[in-house]
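> Pasting protein.txt below, which is compact mmCIF, C-alpha atoms.
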```txt
# COMPACT_ATOMS: atom_id res chain seq x y z
CA MET I 1 1.90 -16.82 8.06
CA GLN I 2 1.95 -13.46 9.86
CA LYS I 3 3.44 -13.90 13.35
CA THR I 4 4.01 -10.32 14.50
CA PRO I 5 0.75 -8.79 15.86
CA LEU I 6 -0.48 -5.93 13.70
CA TYR I 7 -0.95 -2.51 15.28
CA MET I 8 -4.31 -1.52 13.82
CA PRO I 9 -6.62 0.37 16.19
CA GLU I 10 -10.24 0.68 15.09
CA ASN I 11 -10.76 3.32 12.39
CA HIS I 12 -6.99 3.84 12.33
CA MET I 13 -6.54 5.06 8.76
CA GLU I 14 -9.71 7.14 8.73
CA LYS I 15 -8.28 9.12 11.65
CA LEU I 16 -5.13 9.82 9.63
CA TYR I 17 -6.90 10.80 6.41
CA SER I 18 -9.20 13.18 8.30
CA ALA I 19 -6.70 14.30 10.98
CA ASP I 20 -7.05 17.78 12.48
CA ASN I 21 -3.32 18.29 11.90
CA PHE I 22 -3.01 19.56 8.31
CA PHE I 23 0.44 18.05 7.78
CA VAL I 24 -0.60 14.56 8.91
CA ARG I 25 -3.68 14.71 6.70
CA TYR I 26 -1.74 16.04 3.72
CA VAL I 27 1.01 13.39 3.90
CA HIS I 28 -1.41 10.48 3.87
CA LEU I 29 -3.81 11.85 1.25
CA ASN I 30 -0.88 12.87 -0.95
CA ARG I 31 0.38 9.27 -0.89
CA LEU I 32 -2.99 7.97 -2.10
CA ASP I 33 -3.21 10.60 -4.83
CA ASN I 34 0.27 9.72 -6.11
CA ILE I 35 -0.65 6.03 -6.27
CA VAL I 36 -3.86 6.77 -8.17
CA LYS I 37 -1.85 8.70 -10.79
CA THR I 38 0.15 5.55 -11.56
CA MET I 39 -2.90 3.48 -12.57
CA PRO I 40 -3.13 3.06 -16.36
CA SER I 41 -6.11 4.69 -18.07
CA GLN I 42 -7.22 1.53 -19.90
CA ASP I 43 -10.63 0.06 -19.10
CA GLY I 44 -11.56 -3.37 -17.79
CA MET I 45 -8.42 -4.07 -15.76
CA LYS I 46 -8.25 -6.37 -12.76
CA VAL I 47 -6.87 -4.30 -9.86
CA LEU I 48 -5.69 -5.55 -6.46
CA ASP I 49 -5.00 -3.45 -3.38
CA ALA I 50 -2.94 -5.76 -1.18
CA GLY I 51 -3.28 -4.73 2.45
CA CYS I 52 -6.30 -2.60 1.61
CA GLY I 53 -7.19 -1.57 5.17
CA GLU I 54 -10.39 0.44 5.34
CA GLY I 55 -10.63 0.87 1.55
CA HIS I 56 -9.58 4.51 1.12
CA LEU I 57 -7.24 3.83 -1.81
CA LEU I 58 -9.71 1.51 -3.52
CA GLU I 59 -12.37 4.20 -3.27
CA LYS I 60 -10.10 6.67 -5.05
CA LEU I 61 -9.10 4.12 -7.70
CA TYR I 62 -12.74 3.22 -8.34
CA ASN I 63 -13.73 6.87 -8.67
CA ARG I 64 -11.04 7.32 -11.31
CA ASN I 65 -12.17 4.36 -13.42
CA LYS I 66 -15.38 2.50 -12.59
CA SER I 67 -14.96 0.01 -15.45
CA ASN I 68 -12.22 -1.97 -13.70
CA ARG I 69 -12.71 -5.00 -11.45
CA TYR I 70 -11.37 -4.21 -7.99
CA TYR I 71 -10.15 -6.58 -5.29
CA GLY I 72 -8.99 -5.86 -1.75
CA ILE I 73 -7.17 -8.17 0.65
CA ASP I 74 -6.45 -7.62 4.33
CA LEU I 75 -5.99 -9.61 7.53
CA THR I 76 -8.09 -7.34 9.74
CA GLN I 77 -11.82 -8.09 9.72
CA GLU I 78 -12.78 -4.73 11.26
CA ALA I 79 -10.97 -2.89 8.46
CA LEU I 80 -12.55 -5.11 5.80
CA ASP I 81 -16.02 -4.44 7.21
CA MET I 82 -15.43 -0.70 6.85
CA ALA I 83 -13.92 -1.17 3.38
CA THR I 84 -16.97 -3.13 2.25
CA ARG I 85 -19.26 -0.29 3.31
CA ARG I 86 -16.99 2.26 1.60
CA CYS I 87 -16.57 0.27 -1.65
CA PRO I 88 -19.59 -2.00 -2.15
CA ASP I 89 -18.57 -2.83 -5.74
CA THR I 90 -15.18 -4.24 -4.67
CA HIS I 91 -14.54 -7.91 -3.95
CA PHE I 92 -12.90 -8.16 -0.50
CA ILE I 93 -11.05 -11.17 0.91
CA LYS I 94 -9.63 -11.80 4.36
CA ALA I 95 -6.35 -13.57 3.66
CA ASP I 96 -2.61 -13.74 4.19
CA LEU I 97 -0.79 -11.96 1.35
CA SER I 98 1.82 -14.71 1.20
CA LYS I 99 -0.84 -17.16 -0.05
CA LEU I 100 -3.02 -15.52 -2.67
CA ASP I 101 -5.90 -17.61 -4.00
CA PHE I 102 -5.64 -16.36 -7.59
CA GLU I 103 -4.33 -18.03 -10.73
CA ASP I 104 -1.05 -17.00 -12.31
CA ASN I 105 -1.04 -13.79 -14.39
CA PHE I 106 -4.43 -12.66 -13.06
CA PHE I 107 -4.01 -8.94 -12.26
CA ASP I 108 -3.16 -5.97 -14.47
CA PHE I 109 -2.35 -3.61 -11.61
CA ILE I 110 -1.37 -4.29 -7.98
CA THR I 111 -0.90 -1.72 -5.23
CA CYS I 112 0.66 -2.34 -1.83
CA THR I 113 0.90 0.80 0.26
CA GLU I 114 2.49 1.04 3.72
CA THR I 115 2.13 -2.72 4.23
CA LEU I 116 5.36 -4.62 3.63
CA GLU I 117 7.10 -3.00 6.61
CA HIS I 118 4.55 -4.86 8.78
CA VAL I 119 4.88 -8.30 7.16
CA ASP I 120 7.07 -11.11 8.51
CA GLU I 121 7.24 -13.05 5.25
CA TYR I 122 7.46 -10.07 2.90
CA GLN I 123 9.63 -11.96 0.41
CA ALA I 124 6.93 -14.60 0.01
CA VAL I 125 4.41 -11.80 -0.47
CA LEU I 126 6.52 -10.22 -3.23
CA ALA I 127 6.84 -13.61 -4.91
CA GLU I 128 3.05 -13.94 -4.87
CA PHE I 129 2.64 -10.47 -6.37
CA LYS I 130 4.91 -11.43 -9.25
CA ARG I 131 3.08 -14.72 -9.74
CA VAL I 132 -0.41 -13.20 -10.01
CA LEU I 133 0.69 -10.12 -12.02
CA LYS I 134 0.24 -10.37 -15.77
CA PRO I 135 3.22 -9.93 -18.10
CA GLY I 136 3.36 -6.21 -18.72
CA GLY I 137 1.35 -5.58 -15.55
CA LEU I 138 2.28 -2.93 -12.98
CA LEU I 139 3.10 -3.21 -9.27
CA VAL I 140 3.18 -0.04 -7.15
CA VAL I 141 4.68 -0.22 -3.66
CA THR I 142 5.03 2.52 -1.06
CA PHE I 143 6.93 2.33 2.20
CA PRO I 144 8.08 4.74 4.93
CA ASN I 145 11.52 6.18 5.60
CA GLU I 146 11.64 4.87 9.15
CA VAL I 147 14.24 7.38 10.36
CA LEU I 148 12.41 10.53 9.24
CA TRP I 149 9.02 9.01 10.05
CA THR I 150 10.06 8.37 13.65
CA ILE I 151 11.51 11.86 14.01
CA SER I 152 8.32 13.38 12.60
CA ARG I 153 6.10 11.42 14.98
CA PHE I 154 8.23 12.62 17.89
CA LEU I 155 8.05 16.27 16.79
CA LEU I 156 4.28 16.05 16.24
CA GLY I 157 3.74 14.39 19.62
CA ARG I 158 2.24 11.25 18.10
CA ARG I 159 2.30 7.95 20.01
CA PRO I 160 3.81 5.45 19.78
CA ILE I 161 6.84 7.38 18.52
CA ARG I 162 7.93 4.32 16.55
CA VAL I 163 5.16 2.12 15.19
CA VAL I 164 5.59 -1.13 17.08
CA ASP I 165 4.88 -3.51 14.20
CA HIS I 166 7.20 -1.92 11.65
CA ILE I 167 9.55 -4.89 11.53
CA ASN I 168 11.17 -4.26 8.12
CA PHE I 169 13.16 -1.24 6.94
CA PHE I 170 13.29 -0.51 3.21
CA THR I 171 15.15 1.91 0.97
CA PRO I 172 14.40 2.38 -2.74
CA ARG I 173 17.52 0.37 -3.61
CA ARG I 174 16.61 -2.49 -1.30
CA MET I 175 13.01 -2.59 -2.49
CA SER I 176 14.12 -2.64 -6.12
CA ARG I 177 16.48 -5.51 -5.36
CA GLU I 178 13.83 -7.47 -3.45
CA VAL I 179 11.13 -7.10 -6.10
CA ASP I 180 13.53 -7.73 -9.00
CA LEU I 181 11.30 -6.33 -11.75
CA GLN I 182 11.83 -3.42 -14.15
CA VAL I 183 11.65 -0.13 -12.26
CA LEU I 184 9.61 2.51 -14.08
CA LYS I 185 9.49 5.17 -11.39
CA LYS I 186 10.85 6.11 -7.97
CA ARG I 187 9.40 9.08 -6.13
CA GLY I 188 9.90 10.52 -2.67
CA LEU I 189 6.75 11.15 -0.63
CA PRO I 190 5.06 13.50 -0.02
CA PHE I 191 7.39 15.62 -2.18
CA SER I 192 9.68 14.47 -4.95
CA PHE I 193 12.82 14.73 -2.82
CA PRO I 194 15.67 12.21 -2.48
CA PHE I 195 14.78 9.37 -0.12
CA PHE I 196 16.94 10.59 2.78
CA MET I 197 14.83 13.79 2.76
CA SER I 198 11.47 12.03 2.29
CA LEU I 199 8.96 10.54 4.70
CA GLY I 200 8.34 7.71 2.30
CA CYS I 201 8.84 6.39 -1.21
CA LEU I 202 6.75 5.14 -4.13
CA VAL I 203 8.27 2.63 -6.54
CA LYS I 204 6.49 1.53 -9.71
CA PHE I 205 7.51 -1.79 -11.28
CA LYS I 206 6.63 -3.54 -14.54
CA LYS I 207 6.61 -7.30 -15.02
```
Reformat the file's structure so that it appears as structure tokens.

Amino acid sequence: MQKTPLYMPENHMEKLYSADNFFVRYVHLNRLDNIVKTMPSQDGMKVLDAGCGEGHLLEKLYNRNKSNRYYGIDLTQEALDMATRRCPDTHFIKADLSKLDFEDNFFDFITCTETLEHVDEYQAVLAEFKRVLKPGGLLVVTFPNEVLWTISRFLLGRRPIRVVDHINFFTPRRMSREVDLQVLKKRGLPFSFPFFMSLGCLVKFKK
């Protein structure tokens, strides 16, 4: 059960994706675009966005392939209400990611973007992802480089300088070890630089 309060002001992600500052807007939209590129082209998949927020990623995934069945899970009702309006064909659930109400081997493709750094029981969440992911299915995780992210927020004058509910710090090596599945891809975000030079990282796993 999530114990640390989540820092999620109303319309939080929408403000980032449509920010006046070009760099802020580019970084966040670039992350979504890189995730969308990892989704297989096959039709009829079951796709989960875990920690879906206001539904921006699900909207992009749906626009790429409308034949899939899409699911979104989040703890924040306000975000889910906005996501439902944005993606009316998606099935949304308000739930804790550490206790997914799906049968084993249910999903073909799972995304979890900028979420695990907020989650107390992230190891239980990862275990659930592996349980509900089909053999051969893909899991795509993104997470921030906390050091460069904090420096960037300071230089851009954004507040709080350090996001108060980022309680976990990941590196590509640590994330690979924690997930313990085959790694297909590691990529720095927003550019394909080494992690120490990147604001974040995308890791693609296969079960």
> Nearest to Phe23 in chain I among I:His166, I:Leu155, I:Ala95, I:Asp101, with distances taken over all atoms listed in the file: which residue is it?
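Checking each candidate against Phe23 in chain I, we get I:Leu155 as the closest.
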> Can you pull out the residues contacting Gln42 in chain I? Cut-off 10 Å, using all atoms listed in the file, and skip same-chain residues under 5 positions away; I want them as an MDAnalysis selection string.
chainID I and resid 65 67:68
> So how far away is CA of Lys204 in chain I from CA of Ser176 in chain I, in Å?
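That distance, rounded to one decimal, is 9.4 Å.
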> May I ask which of the residues I:Tyr71, I:Phe154, I:Phe191, I:Phe109 is the closest one to Arg31 in chain I, counting only C-alpha atoms?
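For Arg31 in chain I, the nearest of the given residues is I:Phe191.
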> When you count all atoms listed in the file, which of these residues is closest to Ile110 in chain I: I:Ala50, I:Leu181, I:Leu202, I:Leu75?
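Among I:Ala50, I:Leu181, I:Leu202, I:Leu75, it is I:Ala50 that comes nearest to Ile110 in chain I.
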> If I take CA of His118 in chain I and CA of Asn145 in chain I, how far is one from the other in Å, to one decimal?
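Computed distance, CA of His118 in chain I to CA of Asn145 in chain I, equals 13.4 Å.
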> How far is it from CA of Phe169 in chain I to CA of Cys112 in chain I, in Å with one decimal?
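Taking CA of Phe169 in chain I as the start and CA of Cys112 in chain I as the end point, the length is 15.3 Å.
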> Measuring between only C-alpha atoms, which one of I:Phe143, I:Ile151, I:Met82, I:Gly157 shows the shortest distance to Pro172 in chain I?
I:Phe143
> With only C-alpha atoms as the basis for distance, which of I:Gly44, I:Pro194, I:Gly188, I:Pro88 is at the shortest distance from Val141 in chain I?
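For Val141 in chain I, the nearest of the given residues is I:Gly188.
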> Using all atoms listed in the file, list the residues that have an atom at most 8 Å from (2.7, -12.6, -19.5), coordinates as in the file, as JSON, numbers by chain.
{"I": [105, 134, 135, 136, 207]}
> Please, could you write that set of residues out with C-alpha atoms as an mmCIF file, keeping the file's coordinate frame?

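File part_6.cif, as written:
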```
data_model
loop_
_atom_site.group_PDB
_atom_site.id
_atom_site.type_symbol
_atom_site.label_atom_id
_atom_site.label_comp_id
_atom_site.auth_asym_id
_atom_site.auth_seq_id
_atom_site.Cartn_x
_atom_site.Cartn_y
_atom_site.Cartn_z
ATOM 1 C CA ASN I 105 -1.040 -13.790 -14.390
ATOM 2 C CA LYS I 134 0.240 -10.370 -15.770
ATOM 3 C CA PRO I 135 3.220 -9.930 -18.100
ATOM 4 C CA GLY I 136 3.360 -6.210 -18.720
ATOM 5 C CA LYS I 207 6.610 -7.300 -15.020
#
```
> May I have the residues within 10 Å of Leu133 in chain I as a ChimeraX atom specification, using all atoms listed in the file and disregarding those fewer than 6 positions away in the same chain?
/I:46-48,102-110,139,206-207
> For Val119 in chain I, which residue out of I:Ile93, I:Gly51, I:Lys66, I:Glu59 is the nearest one, using only C-alpha atoms?
I:Gly51
> Would you pick out the contacts of Lys99 in chain I at 12 Å or less, using all atoms listed in the file, so that residues sharing its chain but fewer than 3 positions from it are not included, and give the list as a ChimeraX atom specification?
/I:1-2,50,73-75,93-96,102-103,121-129,131-132
> For a cut-off of 10 Å around (-12.3, 0.6, 4.0), file coordinates, pick out all residues using only C-alpha atoms and list them as a list in words.
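So the residues meeting the distance criterion are Asn11, Met13, Glu14, Cys52, Gly53, Glu54, Gly55, His56, Leu57, Leu58, Glu59, Gly72, Glu78, Ala79, Leu80, Asp81, Met82, Ala83, Thr84, Arg85, Arg86, Cys87, Pro88 and Phe92 of chain I.
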> Extract range 55-85 of chain I from the preceding block and save N, CA and C atoms as a PDB file, in the first residue's frame.

```
ATOM      1  N   GLY I  55      -3.487  10.295 -18.951  1.00  0.00           N
ATOM      2  CA  GLY I  55      -3.779   9.552 -20.169  1.00  0.00           C
ATOM      3  C   GLY I  55      -3.043   9.987 -21.418  1.00  0.00           C
ATOM      4  N   HIS I  56      -2.007  10.816 -21.289  1.00  0.00           N
ATOM      5  CA  HIS I  56      -1.314  11.318 -22.475  1.00  0.00           C
ATOM      6  C   HIS I  56      -0.617  10.192 -23.260  1.00  0.00           C
ATOM      7  N   LEU I  57       0.052   9.295 -22.553  1.00  0.00           N
ATOM      8  CA  LEU I  57       0.724   8.192 -23.236  1.00  0.00           C
ATOM      9  C   LEU I  57      -0.285   7.252 -23.875  1.00  0.00           C
ATOM     10  N   LEU I  58      -1.349   6.930 -23.167  1.00  0.00           N
ATOM     11  CA  LEU I  58      -2.364   6.042 -23.720  1.00  0.00           C
ATOM     12  C   LEU I  58      -2.984   6.632 -24.984  1.00  0.00           C
ATOM     13  N   GLU I  59      -3.160   7.930 -25.009  1.00  0.00           N
ATOM     14  CA  GLU I  59      -3.702   8.581 -26.205  1.00  0.00           C
ATOM     15  C   GLU I  59      -2.779   8.368 -27.405  1.00  0.00           C
ATOM     16  N   LYS I  60      -1.475   8.522 -27.177  1.00  0.00           N
ATOM     17  CA  LYS I  60      -0.516   8.324 -28.257  1.00  0.00           C
ATOM     18  C   LYS I  60      -0.445   6.860 -28.688  1.00  0.00           C
ATOM     19  N   LEU I  61      -0.492   5.937 -27.728  1.00  0.00           N
ATOM     20  CA  LEU I  61      -0.477   4.513 -28.061  1.00  0.00           C
ATOM     21  C   LEU I  61      -1.719   4.128 -28.865  1.00  0.00           C
ATOM     22  N   TYR I  62      -2.858   4.627 -28.443  1.00  0.00           N
ATOM     23  CA  TYR I  62      -4.113   4.332 -29.140  1.00  0.00           C
ATOM     24  C   TYR I  62      -4.084   4.875 -30.569  1.00  0.00           C
ATOM     25  N   ASN I  63      -3.559   6.071 -30.742  1.00  0.00           N
ATOM     26  CA  ASN I  63      -3.513   6.663 -32.076  1.00  0.00           C
ATOM     27  C   ASN I  63      -2.566   5.898 -33.004  1.00  0.00           C
ATOM     28  N   ARG I  64      -1.601   5.198 -32.423  1.00  0.00           N
ATOM     29  CA  ARG I  64      -0.710   4.387 -33.251  1.00  0.00           C
ATOM     30  C   ARG I  64      -1.384   3.094 -33.691  1.00  0.00           C
ATOM     31  N   ASN I  65      -2.158   2.479 -32.801  1.00  0.00           N
ATOM     32  CA  ASN I  65      -2.814   1.218 -33.144  1.00  0.00           C
ATOM     33  C   ASN I  65      -4.131   1.127 -32.374  1.00  0.00           C
ATOM     34  N   LYS I  66      -5.219   1.367 -33.078  1.00  0.00           N
ATOM     35  CA  LYS I  66      -6.544   1.391 -32.453  1.00  0.00           C
ATOM     36  C   LYS I  66      -7.132   0.001 -32.257  1.00  0.00           C
ATOM     37  N   SER I  67      -6.456  -1.035 -32.766  1.00  0.00           N
ATOM     38  CA  SER I  67      -6.999  -2.386 -32.645  1.00  0.00           C
ATOM     39  C   SER I  67      -6.710  -3.031 -31.295  1.00  0.00           C
ATOM     40  N   ASN I  68      -5.793  -2.456 -30.528  1.00  0.00           N
ATOM     41  CA  ASN I  68      -5.424  -3.029 -29.236  1.00  0.00           C
ATOM     42  C   ASN I  68      -6.468  -2.726 -28.167  1.00  0.00           C
ATOM     43  N   ARG I  69      -6.425  -3.498 -27.082  1.00  0.00           N
ATOM     44  CA  ARG I  69      -7.248  -3.214 -25.906  1.00  0.00           C
ATOM     45  C   ARG I  69      -6.366  -2.523 -24.868  1.00  0.00           C
ATOM     46  N   TYR I  70      -6.750  -1.321 -24.483  1.00  0.00           N
ATOM     47  CA  TYR I  70      -5.920  -0.499 -23.607  1.00  0.00           C
ATOM     48  C   TYR I  70      -6.514  -0.398 -22.204  1.00  0.00           C
ATOM     49  N   TYR I  71      -5.589  -0.443 -21.226  1.00  0.00           N
ATOM     50  CA  TYR I  71      -5.953  -0.332 -19.814  1.00  0.00           C
ATOM     51  C   TYR I  71      -5.045   0.704 -19.160  1.00  0.00           C
ATOM     52  N   GLY I  72      -5.615   1.478 -18.248  1.00  0.00           N
ATOM     53  CA  GLY I  72      -4.825   2.440 -17.490  1.00  0.00           C
ATOM     54  C   GLY I  72      -5.133   2.335 -16.015  1.00  0.00           C
ATOM     55  N   ILE I  73      -4.089   2.370 -15.187  1.00  0.00           N
ATOM     56  CA  ILE I  73      -4.261   2.281 -13.734  1.00  0.00           C
ATOM     57  C   ILE I  73      -3.549   3.451 -13.079  1.00  0.00           C
ATOM     58  N   ASP I  74      -4.214   4.064 -12.118  1.00  0.00           N
ATOM     59  CA  ASP I  74      -3.609   5.150 -11.351  1.00  0.00           C
ATOM     60  C   ASP I  74      -4.307   5.236  -9.993  1.00  0.00           C
ATOM     61  N   LEU I  75      -3.639   5.917  -9.053  1.00  0.00           N
ATOM     62  CA  LEU I  75      -4.214   6.102  -7.717  1.00  0.00           C
ATOM     63  C   LEU I  75      -4.985   7.406  -7.592  1.00  0.00           C
ATOM     64  N   THR I  76      -4.789   8.328  -8.528  1.00  0.00           N
ATOM     65  CA  THR I  76      -5.341   9.672  -8.402  1.00  0.00           C
ATOM     66  C   THR I  76      -6.625   9.802  -9.201  1.00  0.00           C
ATOM     67  N   GLN I  77      -7.736  10.011  -8.520  1.00  0.00           N
ATOM     68  CA  GLN I  77      -9.034  10.055  -9.193  1.00  0.00           C
ATOM     69  C   GLN I  77      -9.121  11.231 -10.161  1.00  0.00           C
ATOM     70  N   GLU I  78      -8.578  12.395  -9.779  1.00  0.00           N
ATOM     71  CA  GLU I  78      -8.641  13.560 -10.658  1.00  0.00           C
ATOM     72  C   GLU I  78      -7.949  13.280 -11.994  1.00  0.00           C
ATOM     73  N   ALA I  79      -6.782  12.614 -11.916  1.00  0.00           N
ATOM     74  CA  ALA I  79      -6.065  12.269 -13.142  1.00  0.00           C
ATOM     75  C   ALA I  79      -6.865  11.265 -13.969  1.00  0.00           C
ATOM     76  N   LEU I  80      -7.459  10.284 -13.323  1.00  0.00           N
ATOM     77  CA  LEU I  80      -8.242   9.281 -14.045  1.00  0.00           C
ATOM     78  C   LEU I  80      -9.461   9.898 -14.721  1.00  0.00           C
ATOM     79  N   ASP I  81     -10.075  10.885 -14.077  1.00  0.00           N
ATOM     80  CA  ASP I  81     -11.218  11.559 -14.696  1.00  0.00           C
ATOM     81  C   ASP I  81     -10.798  12.243 -15.995  1.00  0.00           C
ATOM     82  N   MET I  82      -9.632  12.895 -15.966  1.00  0.00           N
ATOM     83  CA  MET I  82      -9.129  13.548 -17.173  1.00  0.00           C
ATOM     84  C   MET I  82      -8.742  12.521 -18.225  1.00  0.00           C
ATOM     85  N   ALA I  83      -8.126  11.408 -17.786  1.00  0.00           N
ATOM     86  CA  ALA I  83      -7.727  10.359 -18.719  1.00  0.00           C
ATOM     87  C   ALA I  83      -8.937   9.743 -19.405  1.00  0.00           C
ATOM     88  N   THR I  84     -10.014   9.572 -18.674  1.00  0.00           N
ATOM     89  CA  THR I  84     -11.235   8.995 -19.247  1.00  0.00           C
ATOM     90  C   THR I  84     -11.798   9.892 -20.334  1.00  0.00           C
ATOM     91  N   ARG I  85     -11.753  11.200 -20.113  1.00  0.00           N
ATOM     92  CA  ARG I  85     -12.226  12.130 -21.141  1.00  0.00           C
ATOM     93  C   ARG I  85     -11.291  12.118 -22.359  1.00  0.00           C
TER      94      ARG I  85
END
```
